[in-house]
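Undergrad: This is input.txt, which holds compact mmCIF, C-alpha atoms:
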# COMPACT_ATOMS: atom_id res chain seq x y z
CA MET R 1 128.83 75.66 88.35
CA TYR R 2 129.00 75.30 92.14
CA CYS R 3 132.64 74.23 92.03
CA ASP R 4 133.42 77.42 90.09
CA ARG R 5 131.56 79.48 92.68
CA LEU R 6 133.50 77.86 95.53
CA LYS R 7 136.74 78.69 93.68
CA LYS R 8 135.54 82.28 93.38
CA LEU R 9 134.88 82.27 97.13
CA GLU R 10 138.39 80.96 97.75
CA VAL R 11 139.89 83.87 95.80
CA LEU R 12 137.80 86.42 97.72
CA VAL R 13 138.66 84.88 101.09
CA THR R 14 142.39 85.01 100.33
CA LYS R 15 142.22 88.50 98.84
CA ASN R 16 140.58 89.82 102.00
CA ARG R 17 143.17 88.21 104.31
CA LEU R 18 140.74 85.80 105.90
CA ASP R 19 141.38 82.13 106.64
CA GLY R 20 137.85 80.99 105.83
CA ILE R 21 134.15 81.72 106.22
CA VAL R 22 131.13 80.28 107.96
CA LEU R 23 127.60 80.69 106.67
CA ASN R 24 124.13 80.04 107.94
CA PRO R 25 121.00 79.78 105.72
CA GLY R 26 120.50 82.51 103.15
CA ALA R 27 121.18 83.53 99.58
CA SER R 28 124.96 83.16 99.80
CA LEU R 29 124.74 79.57 101.04
CA THR R 30 122.28 78.68 98.28
CA TYR R 31 124.44 80.43 95.66
CA LEU R 32 127.51 78.43 96.69
CA THR R 33 125.92 75.03 97.27
CA GLY R 34 122.47 74.89 95.69
CA LEU R 35 121.12 73.95 99.13
CA GLU R 36 118.14 75.80 100.56
CA PHE R 37 117.40 75.93 104.26
CA HIS R 38 115.07 78.16 106.25
CA MET R 39 116.44 80.13 109.16
CA MET R 40 114.96 78.36 112.17
CA GLU R 41 115.62 77.38 115.77
CA ARG R 42 117.86 74.53 114.57
CA PRO R 43 121.28 75.81 113.45
CA VAL R 44 122.67 75.08 109.98
CA VAL R 45 126.30 76.07 109.42
CA PHE R 46 128.59 75.76 106.40
CA VAL R 47 132.31 75.90 107.19
CA PHE R 48 134.73 76.73 104.37
CA VAL R 49 138.52 76.93 104.51
CA PRO R 50 140.47 77.18 101.23
CA GLY R 51 142.15 73.92 100.31
CA LYS R 52 139.94 71.78 102.54
CA LEU R 53 136.69 69.93 101.95
CA PRO R 54 133.88 72.07 103.49
CA ALA R 55 131.96 70.91 106.56
CA LEU R 56 128.21 71.21 106.95
CA VAL R 57 126.43 71.00 110.30
CA LEU R 58 122.69 70.41 110.02
CA PRO R 59 119.71 68.65 111.62
CA GLU R 60 119.04 65.02 110.70
CA LEU R 61 115.66 66.00 109.24
CA GLU R 62 117.52 67.85 106.46
CA LYS R 63 119.63 64.81 105.50
CA ALA R 64 117.61 64.06 102.36
CA LYS R 65 118.67 67.39 100.84
CA LEU R 66 122.25 66.14 100.56
CA LYS R 67 121.41 63.26 98.21
CA GLU R 68 121.94 65.43 95.13
CA THR R 69 124.50 67.84 96.52
CA PRO R 70 126.56 69.09 93.54
CA PHE R 71 129.82 69.22 95.53
CA ASP R 72 131.64 67.17 98.17
CA CYS R 73 131.48 68.06 101.85
CA HIS R 74 131.75 66.55 105.34
CA PRO R 75 128.20 66.44 106.79
CA PHE R 76 127.61 66.35 110.54
CA PHE R 77 124.10 65.75 111.81
CA PHE R 78 122.32 66.28 115.12
CA GLY R 79 118.92 65.17 116.40
CA ASP R 80 116.07 67.02 118.07
CA ASN R 81 117.74 67.06 121.47
CA PRO R 82 119.64 70.40 121.66
CA ALA R 83 122.28 68.63 123.75
CA ASP R 84 123.41 66.82 120.57
CA ARG R 85 124.39 70.00 118.80
CA ASP R 86 127.66 70.73 120.61
CA ARG R 87 128.98 67.30 119.63
CA ALA R 88 128.09 67.84 115.95
CA PHE R 89 129.84 71.21 115.92
CA GLN R 90 132.87 69.81 117.70
CA ASN R 91 133.14 66.93 115.21
CA ALA R 92 132.84 69.34 112.28
CA LEU R 93 135.57 71.61 113.62
CA ASN R 94 137.82 68.67 114.35
CA LYS R 95 137.54 67.82 110.66
CA VAL R 96 137.96 71.44 109.50
CA PRO R 97 139.89 73.14 112.32
CA LEU R 98 139.54 76.89 112.78
CA ILE R 99 142.03 77.27 115.64
CA ASN R 100 143.37 80.86 115.86
CA MET R 101 141.94 81.60 112.40
CA ARG R 102 140.30 84.76 111.04
CA ILE R 103 136.87 83.63 109.87
CA GLY R 104 134.46 85.89 108.00
CA VAL R 105 130.70 85.91 108.61
CA GLU R 106 127.75 87.72 107.01
CA PRO R 107 127.02 90.46 109.54
CA THR R 108 123.37 90.86 108.53
CA ARG R 109 122.62 87.12 108.83
CA PHE R 110 124.98 85.54 111.34
CA ARG R 111 123.17 84.92 114.62
CA TYR R 112 124.18 84.52 118.22
CA LEU R 113 122.78 80.98 118.07
CA GLU R 114 125.41 79.82 115.59
CA PHE R 115 128.10 81.98 117.15
CA GLN R 116 127.58 80.30 120.52
CA TYR R 117 127.95 76.75 119.17
CA LEU R 118 131.00 77.69 117.11
CA THR R 119 132.81 79.48 119.93
CA ASN R 120 132.09 76.59 122.29
CA ALA R 121 133.81 74.28 119.81
CA THR R 122 136.68 76.61 118.84
CA PRO R 123 137.18 79.36 121.45
CA THR R 124 140.37 80.77 119.88
CA THR R 125 138.77 81.52 116.50
CA HIS R 126 138.28 85.18 115.55
CA PHE R 127 134.91 85.78 113.83
CA LEU R 128 135.05 88.94 111.72
CA ASP R 129 132.88 91.00 109.39
CA GLY R 130 133.13 89.27 106.00
CA SER R 131 131.20 91.91 104.06
CA GLN R 132 134.01 92.43 101.57
CA VAL R 133 133.73 88.77 100.61
CA PHE R 134 129.97 88.54 100.46
CA ASN R 135 129.38 91.94 98.83
CA TYR R 136 131.33 90.80 95.77
CA LEU R 137 130.50 87.10 95.70
CA ARG R 138 127.15 87.54 93.92
CA ILE R 139 127.37 91.09 92.59
CA GLN R 140 127.93 90.19 88.91
CA LYS R 141 125.23 88.01 87.42
CA ASP R 142 125.99 85.41 84.76
CA ASP R 143 123.72 84.67 81.80
CA SER R 144 121.66 82.06 83.65
CA GLU R 145 121.05 84.46 86.53
CA VAL R 146 120.01 87.28 84.20
CA THR R 147 117.64 84.90 82.39
CA ALA R 148 115.98 84.03 85.71
CA MET R 149 115.67 87.72 86.58
CA ARG R 150 114.09 88.51 83.22
CA LYS R 151 111.52 85.81 83.93
CA ALA R 152 110.89 87.24 87.41
CA VAL R 153 110.27 90.64 85.80
CA ASP R 154 107.94 89.10 83.21
CA ILE R 155 105.89 87.39 85.93
CA ALA R 156 105.63 90.61 87.92
CA GLN R 157 104.55 92.65 84.92
CA LYS R 158 101.85 90.16 83.93
CA ALA R 159 100.51 90.11 87.47
CA PHE R 160 100.33 93.92 87.57
CA LEU R 161 98.49 94.14 84.26
CA ALA R 162 96.01 91.55 85.49
CA LEU R 163 95.42 93.57 88.65
CA LEU R 164 94.75 96.91 86.97
CA PRO R 165 91.11 96.18 85.97
CA GLN R 166 90.32 95.27 89.59
CA ILE R 167 91.50 98.55 91.09
CA ARG R 168 88.56 100.79 91.83
CA ILE R 169 87.25 103.27 94.35
CA GLY R 170 86.05 101.59 97.54
CA VAL R 171 88.37 98.59 97.65
CA SER R 172 90.96 98.50 100.43
CA GLU R 173 94.73 98.53 100.19
CA LYS R 174 94.86 95.11 101.86
CA GLU R 175 92.40 93.62 99.37
CA MET R 176 94.47 94.78 96.42
CA ALA R 177 97.80 93.76 97.98
CA ASN R 178 96.42 90.28 98.66
CA GLU R 179 95.06 90.01 95.13
CA LEU R 180 98.38 91.05 93.61
CA THR R 181 100.14 88.46 95.77
CA THR R 182 97.78 85.80 94.44
CA LEU R 183 98.36 86.92 90.86
CA LEU R 184 102.14 86.77 91.28
CA LEU R 185 101.83 83.14 92.34
CA LYS R 186 99.34 82.41 89.58
CA PHE R 187 101.69 83.71 86.89
CA GLY R 188 104.58 81.58 88.14
CA SER R 189 106.41 83.24 91.00
CA ASP R 190 108.21 81.04 93.50
CA PRO R 191 106.06 80.63 96.65
CA GLU R 192 108.32 82.90 98.70
CA LEU R 193 108.08 86.43 97.31
CA PRO R 194 111.11 88.74 97.56
CA PHE R 195 109.16 91.12 99.82
CA GLN R 196 105.62 91.94 100.92
CA VAL R 197 103.61 93.84 98.31
CA ILE R 198 103.32 97.56 99.01
CA PHE R 199 99.95 99.00 97.99
CA SER R 200 99.48 102.50 99.42
CA SER R 201 96.86 105.10 98.59
CA GLY R 202 96.18 108.76 99.27
CA PRO R 203 98.24 110.12 102.19
CA ASN R 204 99.70 106.64 102.77
CA SER R 205 101.47 106.81 99.41
CA ALA R 206 103.70 109.53 100.87
CA ASN R 207 105.29 106.79 103.03
CA PRO R 208 107.85 104.97 100.84
CA HIS R 209 107.57 101.72 102.84
CA ALA R 210 103.90 101.84 103.78
CA THR R 211 102.21 98.63 104.92
CA PRO R 212 98.86 97.87 103.21
CA SER R 213 96.04 98.97 105.49
CA ASP R 214 92.25 98.81 105.64
CA ARG R 215 92.05 102.25 104.03
CA LYS R 216 89.71 102.26 101.05
CA ILE R 217 90.78 103.87 97.80
CA GLN R 218 89.15 107.25 97.18
CA GLU R 219 88.60 109.56 94.22
CA GLY R 220 91.70 111.68 93.57
CA ASP R 221 94.11 109.34 95.36
CA LEU R 222 97.61 108.70 94.21
CA VAL R 223 98.29 104.95 94.53
CA VAL R 224 101.83 103.56 94.76
CA ILE R 225 102.27 99.85 94.02
CA ASP R 226 105.67 98.25 94.76
CA TRP R 227 105.86 94.53 94.05
CA GLY R 228 108.10 91.76 92.79
CA ALA R 229 108.30 88.09 91.89
CA ASN R 230 110.85 85.35 92.50
CA TYR R 231 111.84 82.89 89.79
CA ASN R 232 114.31 80.08 90.48
CA GLY R 233 115.48 82.08 93.48
CA TYR R 234 115.99 85.41 91.66
CA ALA R 235 113.97 88.55 92.35
CA SER R 236 112.32 91.37 90.48
CA ASP R 237 111.32 94.66 92.10
CA LEU R 238 109.04 97.16 90.35
CA THR R 239 106.97 100.21 91.26
CA ARG R 240 104.29 102.09 89.35
CA THR R 241 101.96 104.90 90.40
CA LEU R 242 98.26 105.35 89.65
CA VAL R 243 95.79 108.18 90.14
CA MET R 244 92.10 107.59 90.77
CA GLY R 245 90.28 109.88 88.37
CA SER R 246 91.60 113.06 86.80
CA PRO R 247 94.99 114.12 88.22
CA THR R 248 95.52 117.57 89.66
CA ASP R 249 98.14 119.91 88.28
CA GLU R 250 100.37 119.16 91.27
CA GLN R 251 100.03 115.40 90.78
CA ILE R 252 100.92 115.75 87.10
CA LYS R 253 103.93 117.90 87.98
CA ILE R 254 105.45 115.49 90.50
CA ALA R 255 104.69 112.47 88.28
CA GLU R 256 106.51 114.09 85.35
CA SER R 257 109.46 115.00 87.58
CA VAL R 258 109.80 111.40 88.80
CA LEU R 259 109.42 110.11 85.24
CA HIS R 260 112.32 112.29 84.08
CA ALA R 261 114.39 111.21 87.10
CA ASN R 262 113.72 107.55 86.38
CA LYS R 263 114.80 108.00 82.76
CA ALA R 264 117.97 109.85 83.77
CA GLY R 265 118.83 107.19 86.34
CA ARG R 266 118.27 104.32 83.92
CA GLU R 267 120.40 105.95 81.24
CA ALA R 268 123.26 106.89 83.57
CA GLY R 269 124.46 103.36 84.29
CA ARG R 270 127.49 101.95 82.45
CA PRO R 271 130.69 100.08 83.32
CA GLY R 272 133.32 102.13 85.09
CA ILE R 273 131.16 104.85 86.67
CA HIS R 274 130.49 105.22 90.37
CA ALA R 275 127.22 103.82 91.67
CA GLY R 276 126.66 107.26 93.16
CA ALA R 277 126.51 108.76 89.66
CA VAL R 278 123.18 106.99 89.10
CA ASP R 279 121.81 108.65 92.20
CA HIS R 280 123.17 112.05 91.13
CA ALA R 281 121.59 111.73 87.68
CA ALA R 282 118.13 110.90 89.01
CA ARG R 283 118.24 113.32 91.93
CA ALA R 284 119.31 116.25 89.74
CA GLU R 285 116.04 116.06 87.80
CA ILE R 286 113.92 116.21 90.94
CA GLU R 287 116.01 118.97 92.50
CA LYS R 288 115.76 120.97 89.27
CA ASP R 289 111.96 120.83 89.59
CA GLY R 290 112.08 122.05 93.19
CA PHE R 291 111.13 118.79 94.91
CA GLY R 292 114.56 117.74 96.20
CA ASP R 293 113.44 117.86 99.84
CA TYR R 294 110.72 115.31 99.07
CA PHE R 295 113.01 112.67 97.53
CA THR R 296 113.92 111.06 100.83
CA HIS R 297 115.78 107.85 99.96
CA ARG R 298 118.57 106.53 97.74
CA THR R 299 117.86 106.04 94.04
CA GLY R 300 118.17 102.26 94.16
CA HIS R 301 119.82 99.08 95.34
CA GLY R 302 121.32 95.92 93.93
CA LEU R 303 119.03 93.05 93.06
CA GLY R 304 119.54 89.32 92.63
CA MET R 305 118.87 86.42 94.97
CA GLU R 306 117.87 89.04 97.53
CA ALA R 307 115.62 92.05 97.04
CA HIS R 308 118.32 94.30 98.53
CA GLU R 309 122.00 93.60 97.91
CA THR R 310 125.06 95.40 96.58
CA PRO R 311 125.56 97.78 94.82
CA TYR R 312 123.60 100.53 96.59
CA MET R 313 122.82 103.63 94.56
CA PHE R 314 123.41 106.49 97.00
CA ALA R 315 125.22 109.71 96.19
CA GLU R 316 128.44 109.02 98.09
CA ASN R 317 128.95 105.46 96.84
CA GLU R 318 132.19 105.31 94.82
CA GLU R 319 131.89 101.62 93.99
CA LEU R 320 132.43 101.15 90.26
CA LEU R 321 129.72 99.54 88.18
CA SER R 322 130.68 96.60 85.98
CA THR R 323 129.01 94.33 83.43
CA GLY R 324 126.49 91.95 84.93
CA MET R 325 125.45 94.06 87.90
CA VAL R 326 121.69 94.48 88.35
CA TYR R 327 120.11 97.25 90.39
CA THR R 328 116.89 99.22 90.76
CA VAL R 329 116.28 102.80 89.73
CA GLU R 330 113.39 104.07 91.86
CA PRO R 331 113.23 107.83 92.38
CA GLY R 332 110.22 109.21 94.21
CA ILE R 333 108.56 112.38 95.46
CA TYR R 334 106.53 112.19 98.67
CA LEU R 335 104.36 115.11 99.74
CA PRO R 336 103.32 114.69 103.41
CA GLU R 337 99.58 114.28 103.98
CA LYS R 338 98.98 114.43 100.22
CA GLY R 339 100.58 111.49 98.46
CA GLY R 340 103.58 110.27 96.59
CA VAL R 341 104.86 109.05 93.25
CA ARG R 342 107.56 106.42 92.68
CA ILE R 343 108.66 104.73 89.44
CA GLU R 344 110.98 101.75 89.71
CA ASP R 345 112.71 99.61 87.12
CA ASP R 346 115.33 96.86 87.20
CA VAL R 347 118.50 97.74 85.29
CA LEU R 348 121.29 95.50 83.97
CA VAL R 349 124.78 96.88 83.33
CA THR R 350 125.88 95.79 79.85
CA GLU R 351 129.25 95.98 78.10
CA ASN R 352 128.49 99.39 76.59
CA GLY R 353 125.93 100.88 78.95
CA SER R 354 122.83 99.55 80.65
CA SER R 355 119.38 98.24 79.78
CA SER R 356 116.12 97.94 81.63
CA LEU R 357 114.79 94.45 82.29
CA SER R 358 111.33 95.96 82.82
CA ASP R 359 109.27 97.76 80.19
CA LEU R 360 105.85 98.54 81.63
CA PRO R 361 104.64 102.06 80.79
CA ARG R 362 106.10 104.45 83.34
CA GLU R 363 103.69 107.34 83.02
CA LEU R 364 101.04 107.99 85.65
CA TYR R 365 98.25 105.39 85.24
CA ILE R 366 94.88 107.15 85.21
CA ILE R 367 92.13 104.89 86.61
CA LYS R 368 88.64 106.08 85.70
So that I can check it, write out the structure of this file as structure tokens.
TA:
Amino acid sequence: MYCDRLKKLEVLVTKNRLDGIVLNPGASLTYLTGLEFHMMERPVVFVFVPGKLPALVLPELEKAKLKETPFDCHPFFFGDNPADRDRAFQNALNKVPLINMRIGVEPTRFRYLEFQYLTNATPTTHFLDGSQVFNYLRIQKDDSEVTAMRKAVDIAQKAFLALLPQIRIGVSEKEMANELTTLLLKFGSDPELPFQVIFSSGPNSANPHATPSDRKIQEGDLVVIDWGANYNGYASDLTRTLVMGSPTDEQIKIAESVLHANKAGREAGRPGIHAGAVDHAARAEIEKDGFGDYFTHRTGHGLGMEAHETPYMFAENEELLSTGMVYTVEPGIYLPEKGGVRIEDDVLVTENGSSSLSDLPRELYIIK
């Protein structure tokens, strides 16, 4: 599997007129090698040039992780003394020279720390934005990846259903967010969740990325819950909206508008259409109902080993969807000082269309 992925990387590197890539810890490194490292003060760097055995620079304390490495590489270790690091990098780049080469990096992950050690060892190397390599490396999921994502969705849905009976007037957003986090772990999520649980109530639910606060849930509140699980390194990302007590006419109206937008967005996806068409389909429903000014973000984003990855579902995105892509559909309406509604599902592009990996009821949950 990992050898096939490295061959795929080789094709992408060549296609994008690069001579190689360097990676530090993150989803792409794990995808290519099966190795997991945390981003920390000690640098870890993977050096790949087509046709050569890769080099890996890492601290000695991580040596045990290489015992079952599913591919061959040249490892170079350094100790706790930072003065040892330059020698390890120099030895690695003597083995896999990058002199005068065009080397791609992940712009959202590559740090000055690694850049400094690399440029000290190979000052004539040109480090460039490798987005066109990394955007397409993991964008299409194979059967094993989809299976893991289905399990991540299943864990998330079970945790949500277990939380529902505990939601009541008087408990705080933080209490419920913490409880949902515990339930995600209880039902089998990997210890590191894809993102912090969002549990927002009342006026706070009008903030799409609200942080759980000490605010206590009140009668009449809209409550937005955005959560996800990780399973074998693959994420789920779901959102449902509740109302505490009987909903007002306005709350019913915006909830129905978002429900229709979610349905339109889920049904729009199929191979060969622009990612932006998914956004157009969902947004049209909300604009038709007169709430277009209150849908303030894109309709969704790609999902996989990271909670946010390509493709991104915004109106102007002309990237074509293809079989195996997974993305969220999460339209919302946010009324300032009043509250918001968002409904989010995880969608897989299939050969003939698309299907939702998530199947929780999408209507407004009425909590008595």
Undergrad: Using only C-alpha atoms, which protein or nucleic acid residues come within 8 Å of Val96 in chain R? Drop anything in the same chain fewer than 6 positions from it, and give the result as JSON, numbers by chain.
TA: {"R": [47, 49, 52, 53, 54, 55]}
Undergrad: From the list R:Phe89, R:Phe71, R:Phe115, R:Phe134, which residue is nearest Gly26 in chain R when using all atoms listed in the file?
TA: R:Phe134
Undergrad: Measuring atom to atom with only C-alpha atoms, identify which of R:Ile198, R:Leu222, R:Leu118, R:Leu23 is nearest to Glu337 in chain R.
TA: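 Of R:Ile198, R:Leu222, R:Leu118, R:Leu23, the one nearest Glu337 in chain R, counting only C-alpha atoms, is R:Leu222.
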Undergrad: List the spatial neighbours of Asp221 in chain R as number ranges by chain - criterion: any atom at most 7 Å away, all atoms listed in the file, same-chain residues fewer than 6 positions off excluded.
TA: R: 201-202, 243-244
Undergrad: Which one of R:Val224, R:Leu335, R:Ile273, R:Leu348 sits closest to Thr239 in chain R if you count only C-alpha atoms?
TA: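 Between R:Val224, R:Leu335, R:Ile273, R:Leu348, the residue approaching Thr239 in chain R most closely is R:Val224.
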Undergrad: Would you work out the distance separating CA of Gly51 in chain R from CA of Ser144 in chain R, expressed in Å to one decimal?
TA: 27.6 Å
Undergrad: For the atom pair CA of Gly104 in chain R and CA of Ser131 in chain R, what is the interatomic distance in Å to one decimal place?
TA: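 Taking CA of Gly104 in chain R as the start and CA of Ser131 in chain R as the end point, the length is 7.9 Å.
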Undergrad: Can you list, as a VMD selection string, every protein, DNA or RNA residue that comes within 10 Å of Leu238 in chain R when you count all atoms listed in the file, leaving out same-chain residues fewer than 4 positions away?
TA: chain R and resid 153 156 to 157 160 225 to 229 328 to 330 342 to 346 358 360
Undergrad: Take the selection from the previous step and output its residues with C-alpha atoms, as an mmCIF file, keeping the file's coordinate frame.
TA:
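In the end it all went to out-v7.cif:
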data_model
loop_
_atom_site.group_PDB
_atom_site.id
_atom_site.type_symbol
_atom_site.label_atom_id
_atom_site.label_comp_id
_atom_site.auth_asym_id
_atom_site.auth_seq_id
_atom_site.Cartn_x
_atom_site.Cartn_y
_atom_site.Cartn_z
ATOM 1 C CA VAL R 153 110.270 90.640 85.800
ATOM 2 C CA ALA R 156 105.630 90.610 87.920
ATOM 3 C CA GLN R 157 104.550 92.650 84.920
ATOM 4 C CA PHE R 160 100.330 93.920 87.570
ATOM 5 C CA ILE R 225 102.270 99.850 94.020
ATOM 6 C CA ASP R 226 105.670 98.250 94.760
ATOM 7 C CA TRP R 227 105.860 94.530 94.050
ATOM 8 C CA GLY R 228 108.100 91.760 92.790
ATOM 9 C CA ALA R 229 108.300 88.090 91.890
ATOM 10 C CA THR R 328 116.890 99.220 90.760
ATOM 11 C CA VAL R 329 116.280 102.800 89.730
ATOM 12 C CA GLU R 330 113.390 104.070 91.860
ATOM 13 C CA ARG R 342 107.560 106.420 92.680
ATOM 14 C CA ILE R 343 108.660 104.730 89.440
ATOM 15 C CA GLU R 344 110.980 101.750 89.710
ATOM 16 C CA ASP R 345 112.710 99.610 87.120
ATOM 17 C CA ASP R 346 115.330 96.860 87.200
ATOM 18 C CA SER R 358 111.330 95.960 82.820
ATOM 19 C CA LEU R 360 105.850 98.540 81.630
#
Undergrad: With 9 Å as the cut-off and all atoms listed in the file counted, what is the closest atom pair between each nearby residue of range 134-159 of chain R and range 293-313 of chain R? Distances in Å to one decimal, ordered by chain and number, as CSV.
TA:
residue,atom,partner,partner_atom,distance
R:Asn135,CA,R:Thr310,CA,6.0
R:Tyr136,CA,R:Thr310,CA,7.8
R:Arg138,CA,R:Gly304,CA,7.9
R:Ile139,CA,R:Thr310,CA,6.3
R:Lys141,CA,R:Gly304,CA,7.8
R:Glu145,CA,R:Gly304,CA,7.9
R:Val146,CA,R:Gly304,CA,8.7
R:Met149,CA,R:Gly304,CA,7.4
Undergrad: Which one of R:Leu98, R:Met39, R:Ala261, R:Met176 sits closest to Asp279 in chain R if you count all atoms listed in the file?
TA: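 Ranked by minimum distance to Asp279 in chain R, first place goes to R:Ala261.
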Undergrad: Compare R:Ala92, R:Ala315, R:Met101, R:Leu61 by their minimum atom-to-atom distance to Leu18 in chain R, counting all atoms listed in the file, and give me the closest one.
TA: R:Met101
Undergrad: Any idea what the distance is between CA of Ile155 in chain R and CA of Leu184 in chain R?
TA: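 The value is 6.6 Å.
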Undergrad: Closest to Glu114 in chain R among R:Ala206, R:Ile99, R:Val57, R:Leu66, using only C-alpha atoms?
TA: R:Val57
Undergrad: First collect every listed atom of range 22-25 of chain R; then fit an axis-aligned box around them, widen it by 5 Å on each side, and give centre and edge lengths in Å to one decimal, as JSON.
TA:
{"center_x": 126.1, "center_y": 80.2, "center_z": 106.8, "size_x": 20.1, "size_y": 10.9, "size_z": 12.2}
Undergrad: Name all residues at most 10 Å from His38 in chain R (count all atoms listed in the file; drop same-chain ones fewer than 6 positions away) and give them as number ranges by chain.
TA: R: 24-26, 44
Undergrad: Please produce range 324-339 of chain R, completed to N, CA and C atoms, as a short mmCIF file (atom, residue, chain, number, x, y, z; two decimals), keeping the file's coordinate frame.
TA:
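Listed below is the output, selection-v2.cif:
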data_model
loop_
_atom_site.label_atom_id
_atom_site.label_comp_id
_atom_site.auth_asym_id
_atom_site.auth_seq_id
_atom_site.Cartn_x
_atom_site.Cartn_y
_atom_site.Cartn_z
N GLY R 324 127.15 93.03 84.21
CA GLY R 324 126.49 91.95 84.93
C GLY R 324 125.84 92.38 86.24
N MET R 325 126.13 93.58 86.69
CA MET R 325 125.45 94.06 87.90
C MET R 325 123.99 94.39 87.56
N VAL R 326 123.10 94.15 88.51
CA VAL R 326 121.69 94.48 88.35
C VAL R 326 121.26 95.30 89.56
N TYR R 327 120.55 96.39 89.31
CA TYR R 327 120.11 97.25 90.39
C TYR R 327 118.80 97.92 90.01
N THR R 328 118.14 98.49 91.00
CA THR R 328 116.89 99.22 90.76
C THR R 328 117.17 100.70 90.58
N VAL R 329 116.33 101.35 89.81
CA VAL R 329 116.28 102.80 89.73
C VAL R 329 114.87 103.19 90.13
N GLU R 330 114.73 103.84 91.30
CA GLU R 330 113.39 104.07 91.86
C GLU R 330 113.26 105.43 92.54
N PRO R 331 113.42 106.51 91.79
CA PRO R 331 113.23 107.83 92.38
C PRO R 331 111.77 108.03 92.79
N GLY R 332 111.58 108.92 93.76
CA GLY R 332 110.22 109.21 94.21
C GLY R 332 110.10 110.60 94.79
N ILE R 333 108.89 111.12 94.79
CA ILE R 333 108.56 112.38 95.46
C ILE R 333 107.40 112.09 96.39
N TYR R 334 107.53 112.50 97.66
CA TYR R 334 106.53 112.19 98.67
C TYR R 334 106.10 113.46 99.38
N LEU R 335 104.88 113.88 99.15
CA LEU R 335 104.36 115.11 99.74
C LEU R 335 103.54 114.74 100.97
N PRO R 336 104.00 115.09 102.18
CA PRO R 336 103.32 114.69 103.41
C PRO R 336 101.85 115.07 103.41
N GLU R 337 101.03 114.11 103.86
CA GLU R 337 99.58 114.28 103.98
C GLU R 337 98.86 114.37 102.64
N LYS R 338 99.60 114.34 101.55
CA LYS R 338 98.98 114.43 100.22
C LYS R 338 99.13 113.12 99.45
N GLY R 339 100.36 112.72 99.23
CA GLY R 339 100.58 111.49 98.46
C GLY R 339 101.94 111.51 97.81
#
